[in-house]
Structure formats: structure tokens, C-alpha cells
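Read through the structure below, which is laid out as C-alpha cells, and then see the notes.
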There are 2 protein chains.
Amino acid sequence: MPLTSQTRERLTAGIARLVRAGRHVSSRAADSLYGELPSFGWALLVPLERDGEQRCSALALRSGIDVSVASRQVTALERSGLVERRPDPHDGRASLIRLSAAGAAALAQTRALRAEWAGEALAGWDEDDARLLSELIERLTDDLGRAAPPAVRSAPVTAP
Amino acid sequence: MPLTSQTRERLTAGIARLVRAGRHVSSRAADSLYGELPSFGWALLVPLERDGEQRCSALALRSGIDVSVASRQVTALERSGLVERRPDPHDGRASLIRLSAAGAAALAQTRALRAEWAGEALAGWDEDDARLLSELIERLTDDLGRAAPPAVRSAPVTAP
DNA sequence: GTAGTCGGTTGTAGACGGCAACCAACCAAA
DNA sequence: TTTGGTTGGTTGCCGTCTACAACCGACTAC
């Protein structure tokens, strides 16, 4: 019996509110927060940067979206020159997506913009609290991701 | 100079990821997390519960959405019987929105469902960490809300 | 080779949000 | 009291993000 129900409610309410606020901020301040990146760019480019060249489906899995969505977004990013694509030498169906130099630059720029913005928004925070919060948030997100399997929800026990 | 740029980047990245994961969870598990409530219900009903009867525009402001959106959502909630609406006695243009009994019940149910879900997702957390995280998240959300004014962005310093 | 599977693309649809136009009620000033 | 401007809300239209389904070409197992 790890958590008080009160704490669970409080935490989930807090998360819901934060998610809302986050969405809000990122839609309002899109230009000044994303820079060169289209709004969805972050979610795709970060896995590319972290895990290197990979195929569309892997990317979709990692960023938690449907393959069809990833396909379209990758197309858009490719048109903007932020990612590059080459056919998978081992599999004629697949292609491999890679972060381009421009993509890496855009990512860095976005990161800087965000950090700058966070500087004003988080005045009044001290380093320790912020670092602690980072850790807790990372842990939380991991657990959340684990609790909500990437796909195939609501396909109950009835295996055909 | 309160925060290291490294910490700011880490924190913003963490928030972005959490926002994403949160959205993801709430769309996947909508049924089992919201219960009677439509997906947007939470955001409107909570302010109603906390601050009592109020008009549509106030509600929109509090939940950080456009008045037009609030108007539509309130209409939907009214049709489902979760809120009630009466004309403002002091102003013939406005109406006052109030949480109905069914609305309060739905809110409680949603709260319970979430808490239950959080119970599994957050196994491995102890009370202290969770409470600490709650506090930090609340503080963070407040600061975020403060940094991103509810409306009228990109209208810089040039006061007329 | 043929049948089934897998990776990706495209079509369609729905939820959510904003902006602009509009209407009705309010208010202030002539 | 009429008139002009303001305010609260609704509606129409659009853009974004997402999923699901149908499809196509390439792979693989038999």
C-alpha cells in the first residue's frame, strides 16, 4: 500500500493541470519556443538524436504516435531539410531516417530558446529544487510510459 | 542567476516529455480514466467545483481556453446534465454556470478512477517522494501559468 | 512460386483549439 | 431618449494533431 489515496489524487490532478498548462504554453508561445522546428519536431528529432538513424516505425514507437502520423511528419521534416532519409540497404520496404545538420542545429536552437524561456519562468527556483524536480519528473514519466503500453489498448483478453 | 542552463534544459525537456506522455495516456485510456466525463470535462468542472457558480468567460479564463471553446463545451456538459445554467440576474447577456449533482458525482468518480490507476502506475513510489513531487509540480504549474499570460501574447511592450 | 506478413503511404474522420463575425444586452454621453 | 460604443456569448470556419482502415510494394516461409 504505497500511496495515500489523497496523495494519488493530488498528484494526478497536478499532472493533469501541468499537462494542460504545458499544452497551453507550447501553443501560445510556439514561435518563441520552437524556433525553426515545427511544433511536432521536437518529439521526433530527440529520439533521432539520442538513438541515431532508425526507421519510421521505430520512431513512431519511441515518440508514442501512430506510424501514419510519423510518416507524414517525417515527410514534412524532410521537406524542411531537418532530417534525411535513405532506403534501408537491408530492406527495400523501409527507409532510415537520420538527423541532418540543420536538424541538429534546430534542435540546439530550440533547446536554447526553451532554456532561456525557462530562465524567466523559473526565476525563484533554486538549483536543488529544480534538479530534484527534474529527477522526479523523469522517473514519473518513465512509470507513466510503462503503465500505458505504447499501443494496443482496449484489445482485451480475448485472443482469437 | 538562479538555474544552471543545463538544469533548465533538462527540466524543460522533462516537462515536454511528461506533457506528451500525459496526453498520450489520457487519450489511450480515456474511458477508464474519465468515467462519465467527456475528455474536456475535467478542465471545466474543477474550476466550477472550486470557485462555484460563474459565467462562461470566467470559466474560459480559468481553464485557459478560448471563450468560444468554453461555450461549446459548456453546452455539451449541459446537455449531459453535468452542469446547470441560469441567466445572470444582473446581466441579461450573461449566464451563470453551476456544477450539478451529477457533475459533482462524475468528478468524484473520475478522481477515484485516476487515483486507482495511479495506484498501479506509481507502485514503487513512496509517500514522501510523491508528496514532494506534487508540491513541486503545483509550484511549477503556477509559475508556468504566470509566465504565459492567459491571452494576448506577442503584443510587445509598445503600449499605445 | 505462392501465400502470408511487414513497412510505409494515403484517405478519411474526429477531437480540440483559435479567430472572426455576429447578435443581443448593457452603458454612457449627448 | 436616442445614439454610439462596449461587453458576453454563440456560431462558422479553419488549422493542427491524432487514429484507424485500406492499400501497395517488398520480404519470407513453405
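Ordering of the C-alpha cells sets the chain letters (A, B, ...), residue numbers begin anew at 1 in every chain, and ligands are numbered from 1 in the order given.
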Counting only C-alpha atoms (C1' of nucleotides), which residues of chain D sit at most 12 Å from some atom of chain B, and what is each one's closest atom pair with its distance in Å to one decimal, listed by chain and rising residue number, as a Markdown table?
```
| residue | atom | partner | partner_atom | distance |
| --- | --- | --- | --- | --- |
| D:DT7 | C1' | B:Arg93 | CA | 8.7 |
| D:DG8 | C1' | B:Ala94 | CA | 5.6 |
| D:DG9 | C1' | B:Ala94 | CA | 7.2 |
| D:DT10 | C1' | B:Ser71 | CA | 7.4 |
| D:DT11 | C1' | B:Ser68 | CA | 8.8 |
| D:DG12 | C1' | B:Ser68 | CA | 11.3 |
| D:DC17 | C1' | B:Arg23 | CA | 11.4 |
| D:DT18 | C1' | B:Ser27 | CA | 9.5 |
| D:DA19 | C1' | B:Ser27 | CA | 10.3 |
```
How about saving the chosen residues, C-alpha atoms (C1' of nucleotides) kept, as a compact mmCIF listing (two decimals), in the first residue's frame?
```
# COMPACT_ATOMS: atom_id res chain seq x y z
C1' DT D 7 -19.18 43.51 -23.50
C1' DG D 8 -20.79 38.46 -23.09
C1' DG D 9 -21.79 34.73 -25.75
C1' DT D 10 -22.68 31.96 -29.96
C1' DT D 11 -21.67 30.30 -34.39
C1' DG D 12 -18.98 29.44 -38.68
C1' DC D 17 -2.77 16.62 -34.23
C1' DT D 18 -4.17 12.14 -33.93
C1' DA D 19 -6.03 7.42 -35.06
```
Both chains have the same sequence, so superpose chain B on chain A over all Cα atoms paired in order and return it as a short mmCIF file (atom, residue, chain, number, x, y, z; two decimals) with N, CA and C atoms, in the first residue's frame.
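Output below, filename selection_26.cif:
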```cif
data_model
loop_
_atom_site.label_atom_id
_atom_site.label_comp_id
_atom_site.auth_asym_id
_atom_site.auth_seq_id
_atom_site.Cartn_x
_atom_site.Cartn_y
_atom_site.Cartn_z
N MET B 1 0.35 -1.43 -0.62
CA MET B 1 -0.50 -0.23 -0.56
C MET B 1 0.36 1.03 -0.47
N PRO B 2 0.93 1.37 -1.58
CA PRO B 2 1.99 2.37 -1.54
C PRO B 2 1.50 3.79 -1.28
N LEU B 3 0.44 4.21 -1.95
CA LEU B 3 0.08 5.63 -1.89
C LEU B 3 -1.29 5.87 -1.29
N THR B 4 -1.39 6.90 -0.53
CA THR B 4 -2.69 7.38 -0.07
C THR B 4 -3.56 7.73 -1.27
N SER B 5 -4.84 7.47 -1.15
CA SER B 5 -5.69 7.84 -2.27
C SER B 5 -5.72 9.35 -2.42
N GLN B 6 -5.58 10.03 -1.32
CA GLN B 6 -5.55 11.49 -1.39
C GLN B 6 -4.36 11.97 -2.22
N THR B 7 -3.23 11.37 -1.96
CA THR B 7 -2.04 11.76 -2.70
C THR B 7 -2.17 11.40 -4.18
N ARG B 8 -2.76 10.24 -4.43
CA ARG B 8 -2.94 9.85 -5.83
C ARG B 8 -3.83 10.85 -6.55
N GLU B 9 -4.91 11.25 -5.88
CA GLU B 9 -5.79 12.22 -6.52
C GLU B 9 -5.07 13.54 -6.75
N ARG B 10 -4.34 13.93 -5.74
CA ARG B 10 -3.66 15.21 -5.85
C ARG B 10 -2.63 15.18 -6.98
N LEU B 11 -1.91 14.09 -7.04
CA LEU B 11 -0.88 13.97 -8.05
C LEU B 11 -1.48 13.93 -9.46
N THR B 12 -2.52 13.14 -9.62
CA THR B 12 -3.12 13.06 -10.96
C THR B 12 -3.71 14.41 -11.36
N ALA B 13 -4.35 15.07 -10.41
CA ALA B 13 -4.89 16.39 -10.73
C ALA B 13 -3.77 17.33 -11.11
N GLY B 14 -2.68 17.26 -10.37
CA GLY B 14 -1.54 18.12 -10.67
C GLY B 14 -0.98 17.84 -12.05
N ILE B 15 -0.86 16.57 -12.37
CA ILE B 15 -0.35 16.21 -13.69
C ILE B 15 -1.28 16.73 -14.78
N ALA B 16 -2.56 16.51 -14.59
CA ALA B 16 -3.52 16.96 -15.59
C ALA B 16 -3.38 18.46 -15.81
N ARG B 17 -3.24 19.17 -14.71
CA ARG B 17 -3.14 20.62 -14.83
C ARG B 17 -1.84 21.01 -15.53
N LEU B 18 -0.77 20.31 -15.18
CA LEU B 18 0.50 20.62 -15.81
C LEU B 18 0.48 20.32 -17.30
N VAL B 19 -0.11 19.19 -17.66
CA VAL B 19 -0.20 18.84 -19.06
C VAL B 19 -0.95 19.93 -19.82
N ARG B 20 -2.02 20.36 -19.21
CA ARG B 20 -2.81 21.43 -19.81
C ARG B 20 -2.00 22.70 -19.96
N ALA B 21 -1.35 23.08 -18.89
CA ALA B 21 -0.57 24.31 -18.91
C ALA B 21 0.56 24.21 -19.94
N GLY B 22 1.15 23.04 -20.00
CA GLY B 22 2.24 22.84 -20.94
C GLY B 22 1.77 22.99 -22.37
N ARG B 23 0.65 22.37 -22.66
CA ARG B 23 0.09 22.50 -23.99
C ARG B 23 -0.19 23.96 -24.30
N HIS B 24 -0.75 24.60 -23.32
CA HIS B 24 -1.11 25.98 -23.46
C HIS B 24 0.11 26.84 -23.81
N VAL B 25 1.14 26.69 -22.98
CA VAL B 25 2.36 27.45 -23.21
C VAL B 25 2.91 27.17 -24.60
N SER B 26 2.96 25.89 -24.95
CA SER B 26 3.65 25.58 -26.19
C SER B 26 2.84 26.02 -27.40
N SER B 27 1.53 26.19 -27.25
CA SER B 27 0.81 26.72 -28.39
C SER B 27 0.90 28.25 -28.44
N ARG B 28 0.82 28.87 -27.27
CA ARG B 28 0.95 30.32 -27.23
C ARG B 28 2.30 30.80 -27.73
N ALA B 29 3.32 30.19 -27.14
CA ALA B 29 4.65 30.74 -27.35
C ALA B 29 5.43 29.94 -28.39
N ALA B 30 4.67 29.30 -29.29
CA ALA B 30 5.30 28.38 -30.23
C ALA B 30 6.55 28.98 -30.89
N ASP B 31 6.42 30.15 -31.44
CA ASP B 31 7.53 30.73 -32.17
C ASP B 31 8.77 30.89 -31.31
N SER B 32 8.58 31.45 -30.14
CA SER B 32 9.74 31.76 -29.33
C SER B 32 10.28 30.55 -28.60
N LEU B 33 9.56 29.44 -28.65
CA LEU B 33 10.05 28.26 -27.96
C LEU B 33 10.63 27.22 -28.90
N TYR B 34 10.16 27.20 -30.12
CA TYR B 34 10.58 26.14 -31.01
C TYR B 34 11.63 26.60 -32.01
N GLY B 35 11.67 27.89 -32.30
CA GLY B 35 12.64 28.35 -33.27
C GLY B 35 12.35 27.79 -34.65
N GLU B 36 13.32 27.15 -35.24
CA GLU B 36 13.21 26.63 -36.61
C GLU B 36 12.27 25.45 -36.70
N LEU B 37 12.06 24.81 -35.57
CA LEU B 37 11.33 23.55 -35.58
C LEU B 37 9.84 23.75 -35.73
N PRO B 38 9.19 22.92 -36.53
CA PRO B 38 7.73 22.89 -36.46
C PRO B 38 7.36 22.32 -35.09
N SER B 39 6.14 22.55 -34.71
CA SER B 39 5.78 22.23 -33.33
C SER B 39 5.97 20.76 -32.98
N PHE B 40 5.82 19.90 -33.97
CA PHE B 40 5.94 18.48 -33.66
C PHE B 40 7.38 18.00 -33.78
N GLY B 41 8.26 18.90 -34.26
CA GLY B 41 9.62 18.50 -34.55
C GLY B 41 10.36 17.90 -33.36
N TRP B 42 10.23 18.54 -32.24
CA TRP B 42 10.92 18.09 -31.04
C TRP B 42 10.73 16.60 -30.79
N ALA B 43 9.48 16.18 -30.83
CA ALA B 43 9.16 14.81 -30.48
C ALA B 43 9.83 13.80 -31.41
N LEU B 44 10.08 14.20 -32.63
CA LEU B 44 10.71 13.27 -33.56
C LEU B 44 12.22 13.38 -33.56
N LEU B 45 12.69 14.61 -33.45
CA LEU B 45 14.13 14.82 -33.58
C LEU B 45 14.91 14.32 -32.38
N VAL B 46 14.30 14.42 -31.22
CA VAL B 46 15.02 13.95 -30.03
C VAL B 46 15.34 12.46 -30.09
N PRO B 47 14.36 11.61 -30.41
CA PRO B 47 14.73 10.19 -30.56
C PRO B 47 15.78 9.97 -31.63
N LEU B 48 15.70 10.74 -32.70
CA LEU B 48 16.70 10.58 -33.75
C LEU B 48 18.09 10.93 -33.24
N GLU B 49 18.14 11.98 -32.46
CA GLU B 49 19.43 12.39 -31.93
C GLU B 49 19.95 11.35 -30.94
N ARG B 50 19.05 10.83 -30.12
CA ARG B 50 19.49 9.93 -29.07
C ARG B 50 19.84 8.56 -29.61
N ASP B 51 18.99 8.04 -30.50
CA ASP B 51 19.17 6.66 -30.92
C ASP B 51 19.73 6.52 -32.32
N GLY B 52 19.98 7.63 -32.98
CA GLY B 52 20.58 7.56 -34.30
C GLY B 52 19.59 7.16 -35.38
N GLU B 53 20.14 6.92 -36.54
CA GLU B 53 19.35 6.58 -37.72
C GLU B 53 18.40 5.41 -37.43
N GLN B 54 17.17 5.56 -37.86
CA GLN B 54 16.21 4.49 -37.63
C GLN B 54 15.06 4.64 -38.59
N ARG B 55 14.23 3.65 -38.63
CA ARG B 55 13.14 3.71 -39.58
C ARG B 55 11.90 4.38 -38.98
N CYS B 56 11.04 4.70 -39.88
CA CYS B 56 9.84 5.45 -39.54
C CYS B 56 9.02 4.79 -38.44
N SER B 57 8.85 3.51 -38.54
CA SER B 57 8.00 2.84 -37.55
C SER B 57 8.63 2.89 -36.16
N ALA B 58 9.94 2.74 -36.10
CA ALA B 58 10.61 2.81 -34.81
C ALA B 58 10.43 4.19 -34.20
N LEU B 59 10.54 5.18 -35.06
CA LEU B 59 10.39 6.56 -34.64
C LEU B 59 8.99 6.80 -34.08
N ALA B 60 8.02 6.27 -34.79
CA ALA B 60 6.63 6.42 -34.35
C ALA B 60 6.45 5.79 -32.98
N LEU B 61 7.00 4.61 -32.83
CA LEU B 61 6.88 3.91 -31.57
C LEU B 61 7.50 4.72 -30.44
N ARG B 62 8.70 5.22 -30.69
CA ARG B 62 9.40 5.95 -29.65
C ARG B 62 8.72 7.25 -29.28
N SER B 63 8.11 7.90 -30.27
CA SER B 63 7.50 9.17 -29.91
C SER B 63 6.02 9.01 -29.62
N GLY B 64 5.57 7.78 -29.63
CA GLY B 64 4.22 7.51 -29.17
C GLY B 64 3.12 8.01 -30.08
N ILE B 65 3.37 8.01 -31.37
CA ILE B 65 2.33 8.40 -32.30
C ILE B 65 2.14 7.30 -33.32
N ASP B 66 1.07 7.42 -34.07
CA ASP B 66 0.76 6.44 -35.09
C ASP B 66 1.76 6.54 -36.23
N VAL B 67 2.00 5.41 -36.88
CA VAL B 67 2.95 5.40 -37.99
C VAL B 67 2.52 6.39 -39.07
N SER B 68 1.24 6.46 -39.30
CA SER B 68 0.79 7.36 -40.37
C SER B 68 1.15 8.80 -40.06
N VAL B 69 0.99 9.17 -38.81
CA VAL B 69 1.34 10.53 -38.41
C VAL B 69 2.84 10.76 -38.57
N ALA B 70 3.60 9.79 -38.09
CA ALA B 70 5.05 9.90 -38.20
C ALA B 70 5.45 10.06 -39.66
N SER B 71 4.84 9.26 -40.50
CA SER B 71 5.16 9.34 -41.92
C SER B 71 4.99 10.76 -42.45
N ARG B 72 3.83 11.33 -42.16
CA ARG B 72 3.59 12.70 -42.63
C ARG B 72 4.59 13.69 -42.05
N GLN B 73 4.84 13.56 -40.77
CA GLN B 73 5.72 14.53 -40.12
C GLN B 73 7.14 14.40 -40.63
N VAL B 74 7.56 13.17 -40.83
CA VAL B 74 8.90 12.97 -41.37
C VAL B 74 9.00 13.61 -42.75
N THR B 75 7.97 13.41 -43.55
CA THR B 75 7.96 14.04 -44.86
C THR B 75 8.14 15.55 -44.75
N ALA B 76 7.40 16.13 -43.82
CA ALA B 76 7.51 17.58 -43.63
C ALA B 76 8.91 17.97 -43.19
N LEU B 77 9.44 17.23 -42.23
CA LEU B 77 10.78 17.55 -41.74
C LEU B 77 11.82 17.38 -42.85
N GLU B 78 11.60 16.40 -43.69
CA GLU B 78 12.53 16.18 -44.79
C GLU B 78 12.48 17.37 -45.75
N ARG B 79 11.28 17.82 -46.03
CA ARG B 79 11.15 18.96 -46.93
C ARG B 79 11.84 20.19 -46.36
N SER B 80 11.82 20.31 -45.03
CA SER B 80 12.50 21.46 -44.41
C SER B 80 13.99 21.21 -44.25
N GLY B 81 14.44 20.04 -44.61
CA GLY B 81 15.87 19.76 -44.53
C GLY B 81 16.36 19.42 -43.13
N LEU B 82 15.46 19.12 -42.23
CA LEU B 82 15.89 18.85 -40.86
C LEU B 82 16.24 17.38 -40.66
N VAL B 83 15.71 16.53 -41.50
CA VAL B 83 16.11 15.12 -41.46
C VAL B 83 16.46 14.69 -42.88
N GLU B 84 17.20 13.61 -42.96
CA GLU B 84 17.51 13.02 -44.25
C GLU B 84 17.03 11.59 -44.25
N ARG B 85 16.81 11.09 -45.45
CA ARG B 85 16.18 9.79 -45.57
C ARG B 85 16.90 9.02 -46.65
N ARG B 86 17.18 7.77 -46.37
CA ARG B 86 17.75 6.94 -47.42
C ARG B 86 17.10 5.57 -47.34
N PRO B 87 17.03 4.88 -48.47
CA PRO B 87 16.40 3.56 -48.44
C PRO B 87 17.21 2.61 -47.59
N ASP B 88 16.52 1.77 -46.87
CA ASP B 88 17.18 0.76 -46.07
C ASP B 88 17.83 -0.26 -47.00
N PRO B 89 19.15 -0.40 -46.91
CA PRO B 89 19.84 -1.33 -47.82
C PRO B 89 19.38 -2.78 -47.66
N HIS B 90 18.87 -3.11 -46.48
CA HIS B 90 18.48 -4.50 -46.24
C HIS B 90 17.01 -4.77 -46.48
N ASP B 91 16.25 -3.73 -46.72
CA ASP B 91 14.81 -3.93 -46.86
C ASP B 91 14.22 -2.84 -47.75
N GLY B 92 13.85 -3.26 -48.93
CA GLY B 92 13.39 -2.32 -49.94
C GLY B 92 12.13 -1.57 -49.58
N ARG B 93 11.41 -2.05 -48.58
CA ARG B 93 10.19 -1.34 -48.21
C ARG B 93 10.49 -0.15 -47.32
N ALA B 94 11.49 -0.32 -46.48
CA ALA B 94 11.73 0.66 -45.43
C ALA B 94 12.72 1.74 -45.86
N SER B 95 12.67 2.86 -45.15
CA SER B 95 13.75 3.82 -45.31
C SER B 95 14.28 4.18 -43.93
N LEU B 96 15.47 4.69 -43.92
CA LEU B 96 16.09 5.07 -42.66
C LEU B 96 16.12 6.59 -42.56
N ILE B 97 15.74 7.08 -41.40
CA ILE B 97 15.68 8.51 -41.18
C ILE B 97 16.86 8.91 -40.32
N ARG B 98 17.47 10.01 -40.68
CA ARG B 98 18.64 10.45 -39.95
C ARG B 98 18.52 11.96 -39.71
N LEU B 99 19.04 12.39 -38.58
CA LEU B 99 19.06 13.82 -38.28
C LEU B 99 20.07 14.50 -39.19
N SER B 100 19.69 15.58 -39.84
CA SER B 100 20.65 16.32 -40.66
C SER B 100 21.38 17.32 -39.79
N ALA B 101 22.39 17.93 -40.36
CA ALA B 101 23.12 18.96 -39.62
C ALA B 101 22.17 20.09 -39.23
N ALA B 102 21.35 20.48 -40.18
CA ALA B 102 20.38 21.54 -39.88
C ALA B 102 19.44 21.12 -38.77
N GLY B 103 19.06 19.86 -38.79
CA GLY B 103 18.18 19.35 -37.74
C GLY B 103 18.84 19.44 -36.38
N ALA B 104 20.10 19.02 -36.32
CA ALA B 104 20.81 19.07 -35.05
C ALA B 104 20.91 20.51 -34.57
N ALA B 105 21.16 21.41 -35.51
CA ALA B 105 21.27 22.82 -35.14
C ALA B 105 19.95 23.34 -34.60
N ALA B 106 18.87 22.98 -35.30
CA ALA B 106 17.55 23.44 -34.88
C ALA B 106 17.23 22.91 -33.49
N LEU B 107 17.62 21.68 -33.26
CA LEU B 107 17.38 21.08 -31.96
C LEU B 107 18.14 21.85 -30.87
N ALA B 108 19.37 22.16 -31.18
CA ALA B 108 20.17 22.91 -30.21
C ALA B 108 19.56 24.28 -29.96
N GLN B 109 19.11 24.89 -31.03
CA GLN B 109 18.51 26.21 -30.89
C GLN B 109 17.25 26.15 -30.02
N THR B 110 16.42 25.18 -30.31
CA THR B 110 15.21 25.02 -29.53
C THR B 110 15.55 24.80 -28.06
N ARG B 111 16.54 23.97 -27.84
CA ARG B 111 16.95 23.68 -26.48
C ARG B 111 17.36 24.97 -25.78
N ALA B 112 18.12 25.78 -26.49
CA ALA B 112 18.59 27.04 -25.91
C ALA B 112 17.43 27.99 -25.63
N LEU B 113 16.52 28.08 -26.60
CA LEU B 113 15.37 28.96 -26.43
C LEU B 113 14.56 28.55 -25.21
N ARG B 114 14.34 27.25 -25.10
CA ARG B 114 13.58 26.78 -23.96
C ARG B 114 14.27 27.08 -22.65
N ALA B 115 15.56 26.84 -22.66
CA ALA B 115 16.30 27.06 -21.42
C ALA B 115 16.23 28.53 -21.02
N GLU B 116 16.32 29.36 -22.04
CA GLU B 116 16.25 30.80 -21.78
C GLU B 116 14.88 31.17 -21.21
N TRP B 117 13.87 30.65 -21.86
CA TRP B 117 12.52 30.93 -21.40
C TRP B 117 12.33 30.41 -19.98
N ALA B 118 12.83 29.22 -19.75
CA ALA B 118 12.71 28.63 -18.41
C ALA B 118 13.40 29.50 -17.38
N GLY B 119 14.44 30.18 -17.83
CA GLY B 119 15.15 31.04 -16.91
C GLY B 119 14.23 32.08 -16.29
N GLU B 120 13.37 32.69 -17.11
CA GLU B 120 12.46 33.69 -16.55
C GLU B 120 11.33 33.02 -15.81
N ALA B 121 10.80 31.96 -16.42
CA ALA B 121 9.62 31.34 -15.80
C ALA B 121 9.97 30.74 -14.44
N LEU B 122 11.20 30.28 -14.31
CA LEU B 122 11.56 29.58 -13.09
C LEU B 122 12.48 30.39 -12.19
N ALA B 123 12.43 31.69 -12.34
CA ALA B 123 13.09 32.48 -11.32
C ALA B 123 12.43 32.11 -10.01
N GLY B 124 13.16 32.11 -8.95
CA GLY B 124 12.55 31.73 -7.69
C GLY B 124 12.74 30.25 -7.37
N TRP B 125 13.25 29.51 -8.34
CA TRP B 125 13.58 28.12 -8.06
C TRP B 125 15.07 28.04 -7.75
N ASP B 126 15.41 27.18 -6.83
CA ASP B 126 16.84 26.97 -6.67
C ASP B 126 17.24 25.65 -7.31
N GLU B 127 18.51 25.57 -7.54
CA GLU B 127 19.06 24.43 -8.28
C GLU B 127 18.62 23.07 -7.72
N ASP B 128 18.63 22.95 -6.42
CA ASP B 128 18.32 21.65 -5.84
C ASP B 128 16.88 21.23 -6.14
N ASP B 129 15.95 22.15 -5.93
CA ASP B 129 14.56 21.83 -6.19
C ASP B 129 14.36 21.46 -7.65
N ALA B 130 14.96 22.26 -8.52
CA ALA B 130 14.76 22.03 -9.94
C ALA B 130 15.32 20.67 -10.35
N ARG B 131 16.48 20.34 -9.80
CA ARG B 131 17.08 19.07 -10.17
C ARG B 131 16.24 17.92 -9.63
N LEU B 132 15.78 18.10 -8.41
CA LEU B 132 14.92 17.09 -7.82
C LEU B 132 13.65 16.89 -8.65
N LEU B 133 13.06 18.01 -9.02
CA LEU B 133 11.84 17.92 -9.83
C LEU B 133 12.12 17.22 -11.16
N SER B 134 13.25 17.55 -11.76
CA SER B 134 13.61 16.88 -13.01
C SER B 134 13.65 15.38 -12.82
N GLU B 135 14.31 14.96 -11.76
CA GLU B 135 14.42 13.52 -11.54
C GLU B 135 13.06 12.88 -11.36
N LEU B 136 12.25 13.51 -10.53
CA LEU B 136 10.94 12.94 -10.26
C LEU B 136 10.10 12.89 -11.52
N ILE B 137 10.17 13.95 -12.30
CA ILE B 137 9.38 14.00 -13.52
C ILE B 137 9.82 12.92 -14.49
N GLU B 138 11.12 12.73 -14.58
CA GLU B 138 11.60 11.69 -15.48
C GLU B 138 11.11 10.31 -15.04
N ARG B 139 11.20 10.11 -13.76
CA ARG B 139 10.75 8.82 -13.24
C ARG B 139 9.25 8.64 -13.48
N LEU B 140 8.52 9.71 -13.21
CA LEU B 140 7.08 9.67 -13.40
C LEU B 140 6.73 9.36 -14.85
N THR B 141 7.39 10.06 -15.76
CA THR B 141 7.08 9.86 -17.17
C THR B 141 7.38 8.43 -17.60
N ASP B 142 8.49 7.91 -17.10
CA ASP B 142 8.80 6.52 -17.41
C ASP B 142 7.68 5.60 -16.95
N ASP B 143 7.24 5.80 -15.72
CA ASP B 143 6.18 4.94 -15.19
C ASP B 143 4.89 5.12 -15.96
N LEU B 144 4.60 6.35 -16.32
CA LEU B 144 3.39 6.60 -17.10
C LEU B 144 3.45 5.87 -18.42
N GLY B 145 4.60 5.97 -19.08
CA GLY B 145 4.76 5.31 -20.36
C GLY B 145 4.62 3.81 -20.21
N ARG B 146 5.12 3.30 -19.11
CA ARG B 146 5.05 1.87 -18.89
C ARG B 146 3.60 1.43 -18.64
N ALA B 147 2.88 2.29 -17.94
CA ALA B 147 1.50 1.93 -17.59
C ALA B 147 0.56 2.03 -18.79
N ALA B 148 0.91 2.84 -19.76
CA ALA B 148 0.06 2.98 -20.93
C ALA B 148 0.82 2.50 -22.15
N PRO B 149 0.69 1.24 -22.44
CA PRO B 149 1.45 0.64 -23.52
C PRO B 149 1.23 1.40 -24.82
N PRO B 150 2.23 1.49 -25.64
CA PRO B 150 2.22 2.33 -26.82
C PRO B 150 1.03 2.13 -27.73
N ALA B 151 0.51 0.91 -27.78
CA ALA B 151 -0.65 0.70 -28.64
C ALA B 151 -1.51 -0.38 -28.02
N VAL B 152 -2.53 -0.80 -28.77
CA VAL B 152 -3.33 -1.95 -28.40
C VAL B 152 -3.80 -1.88 -26.95
N ARG B 153 -4.55 -0.86 -26.66
CA ARG B 153 -5.23 -0.82 -25.39
C ARG B 153 -6.57 -1.51 -25.57
N SER B 154 -7.29 -1.65 -24.51
CA SER B 154 -8.65 -2.20 -24.55
C SER B 154 -8.74 -3.52 -25.30
N ALA B 155 -7.63 -4.25 -25.33
CA ALA B 155 -7.67 -5.62 -25.84
C ALA B 155 -7.32 -6.50 -24.65
N PRO B 156 -8.34 -6.82 -23.84
CA PRO B 156 -8.11 -7.36 -22.50
C PRO B 156 -7.42 -8.71 -22.50
N VAL B 157 -7.62 -9.41 -21.42
CA VAL B 157 -6.82 -10.57 -21.10
C VAL B 157 -7.04 -11.75 -22.04
N THR B 158 -8.13 -11.72 -22.76
CA THR B 158 -8.51 -12.85 -23.59
C THR B 158 -7.52 -13.13 -24.70
N ALA B 159 -6.46 -13.83 -24.35
CA ALA B 159 -5.52 -14.22 -25.40
C ALA B 159 -6.15 -15.31 -26.25
N PRO B 160 -6.05 -15.21 -27.53
CA PRO B 160 -6.72 -16.15 -28.44
C PRO B 160 -6.11 -17.54 -28.34
#
```
Requested in this report: May I ask you to extract the residues of chain C within 12 Å of chain B, using only C-alpha atoms (C1' of nucleotides), and to give them as a ChimeraX atom specification?
Outcome: /C:15-20,23-27
Report task. Identify, with DSSP run on backbone atoms, the residues in segment 38-122 of chain B assigned to alpha helix (DSSP H), and express the list as number ranges by chain. Result -> B: 41-51, 56-63, 67-79, 101-121
Query raised in the report: In Å, how far is it from atom C1' of DA21 of chain D to atom C1' of DG4 of chain C?
Result: 19.0 Å
